[in-house]
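> Below are the structure tokens for one structure; questions will follow.
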Number of protein chains: 2
Amino acid sequence: MSDDGASLRPLRTDLAPIAEAVEAADADAFVAVGDRFDDDLRYLTRFSGPDRAYALVVVPGDDAADRAVLCAPSLFREQAEREFVAGARARDGNGGDGVGGFHDGVAREVRTERAADHAGERAAAVVCDLLGDEDDDLTLLVPPSIPHDAAVYLERAGNALASTDAVERARSRKTDAEFDRLRRVQRAAVAGMARAETVLAESEVVEDETGAPALRWESSTLTTERLRRAVNATLAARGVRDAGDTAIGAGPSAADRHFVGDDPIRPGETALIDVSPRGPDGYRGDLTRTFVVEGDGGWERRAYLAVESAREAALAEIEPGVPAKTVHGEVAAELAAYGFDPNAEEGEAGFTHGAGHGVGVSLHESPSLSGAGELRPGHVVAVEPGVYDPNVGGIRLEDLVVVTEEGYEVLAEYPFGIVPVERE
Amino acid sequence: MSDDGASLRPLRTDLAPIAEAVEAADADAFVAVGDRFDDDLRYLTRFSGPDRAYALVVVPGDDAADRAVLCAPSLFREQAEREFVAGARARDGNGGDGVGGFHDGVAREVRTERAADHAGERAAAVVCDLLGDEDDDLTLLVPPSIPHDAAVYLERAGNALASTDAVERARSRKTDAEFDRLRRVQRAAVAGMARAETVLAESEVVEDETGAPALRWESSTLTTERLRRAVNATLAARGVRDAGDTAIGAGPSAADRHFVGDDPIRPGETALIDVSPRGPDGYRGDLTRTFVVEGDGGWERRAYLAVESAREAALAEIEPGVPAKTVHGEVAAELAAYGFDPNAEEGEAGFTHGAGHGVGVSLHESPSLSGAGELRPGHVVAVEPGVYDPNVGGIRLEDLVVVTEEGYEVLAEYPFGIVPVERE
């Protein structure tokens, strides 16, 4: 088989906290409805399922076992059984609680009957089947962005809905098995970055048809699109995908945080490379470096020093118990000390965004490094100080960091330096 | 710049039909809320925006111009202006109606004020601003799966909601500019398929460690994962991405329609390759071929002939005015004539799925070739007959077809044949 799957610990989601959230809210069940692009459902079920709606119902067991039912289209029954049910069985003998050997004591099953119905209607039928004789006025916890048609089906069946952030909270604390996936994806991002840096290092300075300095690589002009294709081919060869999030800007477009257009990459200008792939289990990586070929040591040197220094200041804060927004504050203070506006709006010169965000099955999830709450062990955050000048360019440095009991650990290291070097 | 962008016609969405749907329903406005993974919003706005919720409001103008407001996070203002507003300006002088030169006569603007609010709250504020003095009891058309929290914000602001299929209908009829994108992505799929077929043709038959026949390519065992990586690297080098939808199965896993695991590919077994990339403007491709290295002419030969024949029968039906489900019926009848069960359930031997589906910014959209309605010019459908035996393998052949005034046109041709040959 292939190279990098053998040592990964089994990926299982603990559904007991969802059942506990139902009980803590004095509600009766948890219901989520969405398609394969819904990262909450992906996390909860590990089902990589269809691009049409499916549903998950979790019911606390009181004295019996907690139960979880995945309502999947019949075409996907085998896949749902494999990913949702078999994947949650504790083959190593840990956990199980005597309910079919599930690692978290939550008994799982797949139902595909009434497949022509809307997933919300099927979820309502499952709720009724599991709880119908208990009470006629049931309260269901749902994620806030559950599809409205599904919510209407659940309400019409006589249920009251209340929103919960239990899934967001559960997702923010990663397990060892999740670290394995995040590290694997981030290593692929490192390989993609090495490809980009090597292409820049291999490029030669020439004059374009207007006489302006340009870069040539493999016999033609190097552009952001050509560089992105080279990076993405490297990611694909490593078994991860770019997910539309490989953003490469050059000069002024490096100040555009989400640039995916096609600009020539010129000597003396910042080439900002943000690689955020997605792995086969849905987990994301996030890595940014910025390079300048034959820079003149002007704006970009000062900006690079400021951002490197801000990065160090951010990392120095990261440990359990620290308010997350402290990290943003330290980055802002350090950038300000170098003369950059720490509160710039988009389109202005300075630091225009937050210092970082959680990363998991979503590229942006809890915790935010400029939001409420404290850092806790198991948080995985992208730390990304950056400064921009819309007329000149942008410098950003971004790494994935795990909050540990003692402080932090960088998930996959990549070297620093504004002058590109051959890395392959 | 790069090679394949020059000849594409400008991609613009005509919002007038959305405004007309509002008037036809005697409603007051159309509101959609979603993130970058919401294909309706991607189609309506051409905004490749953020992974958090944003909103679109469309208000018919009565005697004045129709108006459309995109509520975007402030970090994305420049991108929203470029993609939603500037991209809809009719630089070629067609259309415009004197409202800022918009090609469809719908005046567009971006609003980012109150960026900390929920997108549903912002949409409610825009509705109130544009229509507040007209009526206190407004009716808003919304897509059925609008997020529930957004729907609640809109309802709390005093609006009644009604769902509409106007977006689905608009999306099913493609414009020339959309054909350009679909053709470009399908050509990349053709390149990916050529890579897969070439790898299979280059592989040599060896014995694995158990003495069973296996394929070796570039010094190691050929598996579905290795072949998928080779295909996806080719897609990336062409500027499109696999989007997690390159499904390659071998032998029994070829009978699993969505197999993304890692199986050895063995001589004599079916290798089923389904390539469904996504291009930079969001449009999808969809192409499937099946090969057997050193087959013995048994099940797979008969199945290949049946599926080729079913494909011809399907194409012979495709022209405007034909009920879409006729295509499925013809495929089923042809497969039955070859002795395959045309109504098999998943996990059984035979034809287990529908004959095809529309393709656009979603991989599966209207029309379904086993659903209601008639084929119309501008429909783009994947035609995909297939037969499977869970113990043996699966054969599927799939092409993208445009319904034209005269009949149909295959979007990008790829050769047929069960024996792989070198195509690169």
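By order in the structure tokens, chains are A, B, ...; within a chain, residues start at 1; ligands start at 1, following the order shown.
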Once you count only C-alpha atoms, which residues of chain B turn out to be within 8 Å of chain A? Could you give them as a PyMOL selection string?
chain B and resi 1-2+37+51+74-78+144-151+221+223+225-226+229-230+232-239+241-244+262-264+280+345-347+353+364
> Write a file of the just-selected residues containing C-alpha atoms, as a compact mmCIF listing (two decimals), in the first residue's frame.

```txt
# COMPACT_ATOMS: atom_id res chain seq x y z
CA MET B 1 0.37 34.74 -18.06
CA SER B 2 -0.87 31.17 -18.24
CA PHE B 37 -19.31 26.08 0.00
CA ASP B 51 -15.67 30.28 4.79
CA SER B 74 -15.06 43.84 5.52
CA LEU B 75 -11.84 41.85 5.02
CA PHE B 76 -13.31 40.73 1.70
CA ARG B 77 -14.60 44.08 0.41
CA GLU B 78 -12.09 44.46 -2.40
CA PRO B 144 -34.93 25.84 1.03
CA SER B 145 -31.67 25.11 2.85
CA ILE B 146 -30.87 28.64 4.04
CA PRO B 147 -29.20 28.32 7.47
CA HIS B 148 -31.79 28.19 10.24
CA ASP B 149 -30.15 30.95 12.30
CA ALA B 150 -30.28 33.27 9.30
CA ALA B 151 -33.94 32.38 8.75
CA THR B 221 3.06 -2.10 -6.38
CA THR B 223 -2.50 0.71 -5.86
CA GLU B 225 -3.99 5.46 -3.94
CA ARG B 226 -0.86 5.70 -6.08
CA ARG B 229 -2.12 10.66 -6.71
CA ALA B 230 -0.79 10.48 -10.26
CA ASN B 232 -4.51 14.42 -9.11
CA ALA B 233 -1.00 15.74 -9.75
CA THR B 234 -1.91 15.97 -13.45
CA LEU B 235 -5.10 17.86 -12.58
CA ALA B 236 -3.16 20.25 -10.33
CA ALA B 237 -0.59 20.92 -13.04
CA ARG B 238 -3.52 21.89 -15.31
CA GLY B 239 -4.84 24.39 -12.77
CA ARG B 241 -8.33 20.46 -8.33
CA ASP B 242 -9.62 17.02 -7.53
CA ALA B 243 -12.06 18.35 -4.89
CA GLY B 244 -11.92 14.98 -3.13
CA ASP B 262 -6.08 2.02 -0.99
CA ASP B 263 -6.34 -1.33 -2.77
CA PRO B 264 -3.78 -3.08 -4.96
CA PRO B 280 -10.99 27.97 -10.69
CA GLU B 345 -29.95 -2.25 -4.89
CA GLU B 346 -26.57 -1.11 -3.65
CA GLY B 347 -24.56 -4.20 -2.74
CA HIS B 353 -27.84 4.00 -9.66
CA HIS B 364 -24.81 16.90 -8.95
```
> I want to know what sits within 9 Å of Arg9 in chain A, based on only C-alpha atoms, with residues of the same chain fewer than 2 positions away left out; could you give that as a PyMOL selection string?
chain A and resi 6-7+11+176-178+180-181
> Find, counting only C-alpha atoms, the residue in A:Leu272, A:Leu131, A:Ala247, A:Ala124 that gets nearest to Arg396 in chain A.
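Closest candidate: A:Leu272.
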> Within 7 Å of range 329-334 of chain B, counting only C-alpha atoms, which residues show up once you throw out same-chain ones fewer than 2 positions away? Write them as an MDAnalysis selection string, please.
chainID B and resid 309:311 313:314 325:327 336:338 342 355 385
> For the residues in the current selection, export all heavy atoms as a tab-separated table (two decimals), in the first residue's frame.

```tsv
chain	number	residue	atom	x	y	z
B	309	SER	N	-23.12	-0.20	-24.98
B	309	SER	CA	-24.38	-0.23	-25.71
B	309	SER	C	-25.43	0.64	-25.01
B	309	SER	O	-26.18	1.39	-25.66
B	309	SER	CB	-24.84	-1.68	-25.82
B	309	SER	OG	-26.00	-1.77	-26.58
B	310	ALA	N	-25.45	0.59	-23.68
B	310	ALA	CA	-26.38	1.42	-22.91
B	310	ALA	C	-26.06	2.91	-23.10
B	310	ALA	O	-26.96	3.76	-23.17
B	310	ALA	CB	-26.31	1.04	-21.42
B	311	ARG	N	-24.78	3.22	-23.18
B	311	ARG	CA	-24.36	4.61	-23.42
B	311	ARG	C	-24.89	5.10	-24.77
B	311	ARG	O	-25.43	6.20	-24.88
B	311	ARG	CB	-22.83	4.67	-23.39
B	311	ARG	CG	-22.27	6.04	-23.65
B	311	ARG	CD	-20.75	6.01	-23.66
B	311	ARG	NE	-20.24	7.34	-23.96
B	311	ARG	CZ	-20.10	7.82	-25.18
B	311	ARG	NH1	-20.42	7.08	-26.21
B	311	ARG	NH2	-19.65	9.05	-25.37
B	313	ALA	N	-27.46	3.96	-26.35
B	313	ALA	CA	-28.92	4.06	-26.25
B	313	ALA	C	-29.32	5.34	-25.53
B	313	ALA	O	-30.31	6.00	-25.91
B	313	ALA	CB	-29.47	2.84	-25.50
B	314	ALA	N	-28.55	5.72	-24.51
B	314	ALA	CA	-28.85	6.96	-23.77
B	314	ALA	C	-28.66	8.16	-24.68
B	314	ALA	O	-29.53	9.04	-24.77
B	314	ALA	CB	-27.94	7.06	-22.54
B	325	LYS	N	-36.35	11.29	-17.74
B	325	LYS	CA	-36.31	9.90	-17.25
B	325	LYS	C	-36.33	8.87	-18.39
B	325	LYS	O	-36.06	7.70	-18.15
B	325	LYS	CB	-37.43	9.65	-16.25
B	325	LYS	CG	-38.81	9.73	-16.82
B	325	LYS	CD	-39.85	9.29	-15.77
B	325	LYS	CE	-39.78	10.13	-14.51
B	325	LYS	NZ	-40.99	9.98	-13.67
B	326	THR	N	-36.65	9.32	-19.60
B	326	THR	CA	-36.54	8.43	-20.75
B	326	THR	C	-35.12	7.90	-20.88
B	326	THR	O	-34.90	6.74	-21.26
B	326	THR	CB	-36.90	9.19	-22.05
B	326	THR	OG1	-38.21	9.71	-21.92
B	326	THR	CG2	-36.83	8.28	-23.26
B	327	VAL	N	-34.14	8.75	-20.57
B	327	VAL	CA	-32.74	8.34	-20.70
B	327	VAL	C	-32.44	7.19	-19.74
B	327	VAL	O	-31.84	6.18	-20.13
B	327	VAL	CB	-31.80	9.54	-20.45
B	327	VAL	CG1	-30.35	9.11	-20.62
B	327	VAL	CG2	-32.14	10.70	-21.39
B	336	ALA	N	-30.60	-4.55	-19.23
B	336	ALA	CA	-31.40	-5.76	-19.00
B	336	ALA	C	-31.30	-6.72	-20.18
B	336	ALA	O	-31.22	-7.94	-20.00
B	336	ALA	CB	-32.87	-5.38	-18.75
B	337	ALA	N	-31.24	-6.15	-21.41
B	337	ALA	CA	-31.12	-7.00	-22.60
B	337	ALA	C	-29.82	-7.79	-22.59
B	337	ALA	O	-29.72	-8.85	-23.19
B	337	ALA	CB	-31.22	-6.14	-23.86
B	338	TYR	N	-28.80	-7.27	-21.92
B	338	TYR	CA	-27.52	-7.98	-21.80
B	338	TYR	C	-27.50	-8.88	-20.56
B	338	TYR	O	-26.46	-9.44	-20.21
B	338	TYR	CB	-26.36	-6.99	-21.71
B	338	TYR	CG	-25.91	-6.49	-23.08
B	338	TYR	CD1	-26.56	-5.44	-23.70
B	338	TYR	CD2	-24.82	-7.08	-23.72
B	338	TYR	CE1	-26.14	-4.99	-24.94
B	338	TYR	CE2	-24.40	-6.64	-24.96
B	338	TYR	CZ	-25.06	-5.60	-25.57
B	338	TYR	OH	-24.64	-5.16	-26.80
B	342	PRO	N	-31.52	-4.36	-14.00
B	342	PRO	CA	-31.53	-2.90	-14.14
B	342	PRO	C	-32.04	-2.18	-12.90
B	342	PRO	O	-32.00	-0.95	-12.85
B	342	PRO	CB	-32.47	-2.68	-15.32
B	342	PRO	CG	-33.44	-3.80	-15.24
B	342	PRO	CD	-32.68	-4.99	-14.68
B	355	ALA	N	-29.09	7.04	-14.31
B	355	ALA	CA	-28.33	7.09	-15.56
B	355	ALA	C	-27.53	8.38	-15.70
B	355	ALA	O	-26.67	8.47	-16.58
B	355	ALA	CB	-29.29	6.95	-16.75
B	385	PRO	N	-23.95	5.18	-17.51
B	385	PRO	CA	-24.37	3.79	-17.29
B	385	PRO	C	-23.25	2.98	-16.64
B	385	PRO	O	-22.07	3.27	-16.86
B	385	PRO	CB	-24.65	3.30	-18.72
B	385	PRO	CG	-23.79	4.15	-19.60
B	385	PRO	CD	-23.77	5.51	-18.93
```
> Taking only C-alpha atoms into account, which of A:Trp217, A:Asp104, A:Pro10, A:Ala29 comes nearest Glu83 in chain A?
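Selected residue with least distance to Glu83 in chain A: A:Pro10.
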> Which of these residues is nearest to Asp286 in chain A, using only C-alpha atoms: A:Leu182, A:Ile265, A:Leu369, A:Ala88?
A:Leu182
> According to DSSP computed on the backbone, where in range 168-303 of chain B is there strand (DSSP E)? Give the residues as a CSV table (one decimal) with N, CA, C and O atoms, in the first residue's frame.

```
chain,number,residue,atom,x,y,z
B,204,GLU,N,3.7,-3.4,-15.2
B,204,GLU,CA,4.0,-4.8,-15.6
B,204,GLU,C,3.4,-5.7,-14.6
B,204,GLU,O,3.3,-5.4,-13.4
B,205,VAL,N,3.1,-6.9,-15.1
B,205,VAL,CA,2.5,-7.9,-14.3
B,205,VAL,C,3.6,-8.7,-13.5
B,205,VAL,O,4.6,-9.2,-14.2
B,206,VAL,N,3.5,-8.7,-12.2
B,206,VAL,CA,4.5,-9.4,-11.4
B,206,VAL,C,3.7,-10.3,-10.4
B,206,VAL,O,2.5,-10.3,-10.4
B,207,GLU,N,4.5,-11.0,-9.5
B,207,GLU,CA,3.8,-11.7,-8.4
B,207,GLU,C,4.1,-10.9,-7.1
B,207,GLU,O,5.2,-10.5,-6.9
B,213,PRO,N,-0.9,-12.6,-8.6
B,213,PRO,CA,-0.5,-11.6,-9.7
B,213,PRO,C,-0.8,-10.2,-9.2
B,213,PRO,O,-1.9,-9.9,-8.6
B,214,ALA,N,0.1,-9.3,-9.5
B,214,ALA,CA,0.0,-7.9,-9.1
B,214,ALA,C,0.5,-7.0,-10.2
B,214,ALA,O,1.1,-7.5,-11.2
B,215,LEU,N,0.3,-5.7,-10.1
B,215,LEU,CA,0.9,-4.8,-11.1
B,215,LEU,C,2.0,-4.0,-10.4
B,215,LEU,O,1.9,-3.5,-9.3
B,216,ARG,N,3.1,-3.8,-11.2
B,216,ARG,CA,4.2,-2.9,-10.7
B,216,ARG,C,4.4,-1.7,-11.6
B,216,ARG,O,4.4,-1.9,-12.8
B,217,TRP,N,4.5,-0.6,-11.0
B,217,TRP,CA,4.7,0.7,-11.8
B,217,TRP,C,5.8,1.5,-11.0
B,217,TRP,O,5.7,1.7,-9.8
B,220,SER,N,7.3,0.0,-7.7
B,220,SER,CA,6.5,-0.6,-6.6
B,220,SER,C,5.1,-0.9,-7.0
B,220,SER,O,4.7,-0.6,-8.1
B,221,THR,N,4.4,-1.6,-6.1
B,221,THR,CA,3.1,-2.1,-6.4
B,221,THR,C,2.1,-1.0,-6.7
B,221,THR,O,2.1,0.1,-6.0
B,247,ALA,N,-12.4,9.2,-7.7
B,247,ALA,CA,-12.7,7.9,-7.1
B,247,ALA,C,-12.1,6.8,-8.0
B,247,ALA,O,-12.5,6.7,-9.1
B,248,ILE,N,-11.2,6.0,-7.4
B,248,ILE,CA,-10.6,4.9,-8.2
B,248,ILE,C,-10.8,3.6,-7.4
B,248,ILE,O,-10.3,3.5,-6.3
B,249,GLY,N,-11.4,2.6,-8.0
B,249,GLY,CA,-11.6,1.3,-7.4
B,249,GLY,C,-11.0,0.2,-8.2
B,249,GLY,O,-10.8,0.4,-9.5
B,250,ALA,N,-10.7,-0.9,-7.6
B,250,ALA,CA,-10.0,-2.0,-8.3
B,250,ALA,C,-10.7,-3.3,-7.9
B,250,ALA,O,-10.7,-3.6,-6.7
B,270,THR,N,-11.2,-5.2,-12.8
B,270,THR,CA,-11.6,-3.9,-13.3
B,270,THR,C,-10.9,-2.8,-12.5
B,270,THR,O,-11.0,-2.8,-11.3
B,271,ALA,N,-10.3,-1.8,-13.2
B,271,ALA,CA,-9.8,-0.6,-12.6
B,271,ALA,C,-10.8,0.5,-13.1
B,271,ALA,O,-10.7,0.9,-14.2
B,272,LEU,N,-11.6,1.0,-12.1
B,272,LEU,CA,-12.6,2.0,-12.5
B,272,LEU,C,-12.1,3.4,-12.0
B,272,LEU,O,-11.8,3.6,-10.9
B,273,ILE,N,-12.1,4.3,-13.0
B,273,ILE,CA,-11.5,5.6,-12.7
B,273,ILE,C,-12.5,6.7,-13.0
B,273,ILE,O,-12.9,6.9,-14.1
B,274,ASP,N,-12.9,7.4,-11.9
B,274,ASP,CA,-13.9,8.5,-12.0
B,274,ASP,C,-13.3,9.8,-11.6
B,274,ASP,O,-12.9,10.0,-10.5
B,275,VAL,N,-13.1,10.7,-12.6
B,275,VAL,CA,-12.4,11.9,-12.4
B,275,VAL,C,-13.4,13.1,-12.5
B,275,VAL,O,-14.1,13.3,-13.5
B,287,LEU,N,-15.8,12.5,-15.6
B,287,LEU,CA,-15.4,11.6,-16.7
B,287,LEU,C,-15.1,10.3,-16.0
B,287,LEU,O,-14.3,10.2,-15.1
B,288,THR,N,-15.6,9.2,-16.5
B,288,THR,CA,-15.3,7.8,-16.0
B,288,THR,C,-15.0,6.9,-17.1
B,288,THR,O,-15.6,6.9,-18.2
B,289,ARG,N,-13.9,6.1,-17.0
B,289,ARG,CA,-13.6,5.0,-17.8
B,289,ARG,C,-13.1,3.9,-17.0
B,289,ARG,O,-12.8,4.0,-15.8
B,290,THR,N,-13.2,2.7,-17.5
B,290,THR,CA,-12.8,1.4,-16.8
B,290,THR,C,-11.9,0.6,-17.7
B,290,THR,O,-12.1,0.5,-18.9
B,291,PHE,N,-10.8,0.1,-17.1
B,291,PHE,CA,-9.8,-0.6,-17.8
B,291,PHE,C,-9.6,-1.9,-17.1
B,291,PHE,O,-9.8,-2.1,-15.9
B,292,VAL,N,-9.1,-2.9,-17.9
B,292,VAL,CA,-8.6,-4.2,-17.3
B,292,VAL,C,-7.3,-4.5,-17.9
B,292,VAL,O,-7.2,-4.6,-19.1
```
> Could you find all residues in range 106-214 of chain B that DSSP calls helix (DSSP H, G or I) from the backbone, and write them as a VMD selection string?
chain B and resid 119 to 131 148 to 156 166 to 172 176 to 202
> Write out as a list in words the residues lying within 6 Å of Ala255 in chain B, counting only C-alpha atoms and excluding same-chain residues fewer than 6 positions away.
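Neighbouring residues, sequence-local ones excluded: Tyr388, Pro390, Gly393 and Gly394 of chain B.
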> Next, dump the selected residues to file, keeping only N, CA and C atoms, as a PDB file, in the first residue's frame.

```
ATOM      1  N   TYR B 388     -22.298  -3.511 -11.924  1.00  0.00           N
ATOM      2  CA  TYR B 388     -21.397  -3.862 -10.825  1.00  0.00           C
ATOM      3  C   TYR B 388     -21.714  -5.258 -10.333  1.00  0.00           C
ATOM      4  N   PRO B 390     -20.516  -6.971  -6.660  1.00  0.00           N
ATOM      5  CA  PRO B 390     -19.693  -6.704  -5.478  1.00  0.00           C
ATOM      6  C   PRO B 390     -18.581  -7.717  -5.263  1.00  0.00           C
ATOM      7  N   GLY B 393     -16.322  -6.769  -9.510  1.00  0.00           N
ATOM      8  CA  GLY B 393     -15.845  -5.442  -9.903  1.00  0.00           C
ATOM      9  C   GLY B 393     -16.967  -4.608 -10.462  1.00  0.00           C
ATOM     10  N   GLY B 394     -16.604  -3.586 -11.212  1.00  0.00           N
ATOM     11  CA  GLY B 394     -17.605  -2.713 -11.792  1.00  0.00           C
ATOM     12  C   GLY B 394     -17.088  -2.086 -13.067  1.00  0.00           C
TER      13      GLY B 394
END
```
> Using only C-alpha atoms, pick whichever of A:Ala254, A:Val380, A:Leu140, A:Ala344 has the shortest atom-to-atom distance to Ile395 in chain A.
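Using only C-alpha atoms, the shortest distance to Ile395 in chain A belongs to A:Ala254.
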> Would you list the contacts of Pro420 in chain A as a list in words, taking every protein, DNA or RNA residue within 8 Å and counting only C-alpha atoms, but skipping same-chain residues closer than 6 positions in sequence?
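Everything that qualifies: Glu197, Thr198, Leu200, Ala201, Phe291, Val292 and Val293 of chain A.
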> Grab the residues selected above and save them as an mmCIF file, in the first residue's frame with N, CA and C atoms.

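As a result, part.cif now contains:
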```cif
data_model
loop_
_atom_site.group_PDB
_atom_site.id
_atom_site.type_symbol
_atom_site.label_atom_id
_atom_site.label_comp_id
_atom_site.auth_asym_id
_atom_site.auth_seq_id
_atom_site.Cartn_x
_atom_site.Cartn_y
_atom_site.Cartn_z
ATOM 1 N N GLU A 197 9.507 27.347 -2.786
ATOM 2 C CA GLU A 197 10.761 28.059 -2.523
ATOM 3 C C GLU A 197 11.830 27.646 -3.537
ATOM 4 N N THR A 198 11.836 26.348 -3.876
ATOM 5 C CA THR A 198 12.826 25.853 -4.839
ATOM 6 C C THR A 198 12.600 26.461 -6.224
ATOM 7 N N LEU A 200 11.276 29.348 -6.872
ATOM 8 C CA LEU A 200 11.741 30.740 -6.795
ATOM 9 C C LEU A 200 13.267 30.799 -6.859
ATOM 10 N N ALA A 201 13.923 29.867 -6.141
ATOM 11 C CA ALA A 201 15.386 29.868 -6.118
ATOM 12 C C ALA A 201 15.975 29.511 -7.477
ATOM 13 N N PHE A 291 8.841 35.269 0.350
ATOM 14 C CA PHE A 291 10.190 35.351 -0.202
ATOM 15 C C PHE A 291 10.306 36.552 -1.130
ATOM 16 N N VAL A 292 11.532 37.023 -1.278
ATOM 17 C CA VAL A 292 11.813 38.053 -2.279
ATOM 18 C C VAL A 292 13.079 37.637 -3.019
ATOM 19 N N VAL A 293 12.975 37.526 -4.331
ATOM 20 C CA VAL A 293 14.150 37.249 -5.158
ATOM 21 C C VAL A 293 14.844 38.583 -5.459
#
```
> How many Å separate CA of Gly251 in chain B from CA of Gly192 in chain B?
20.7 Å
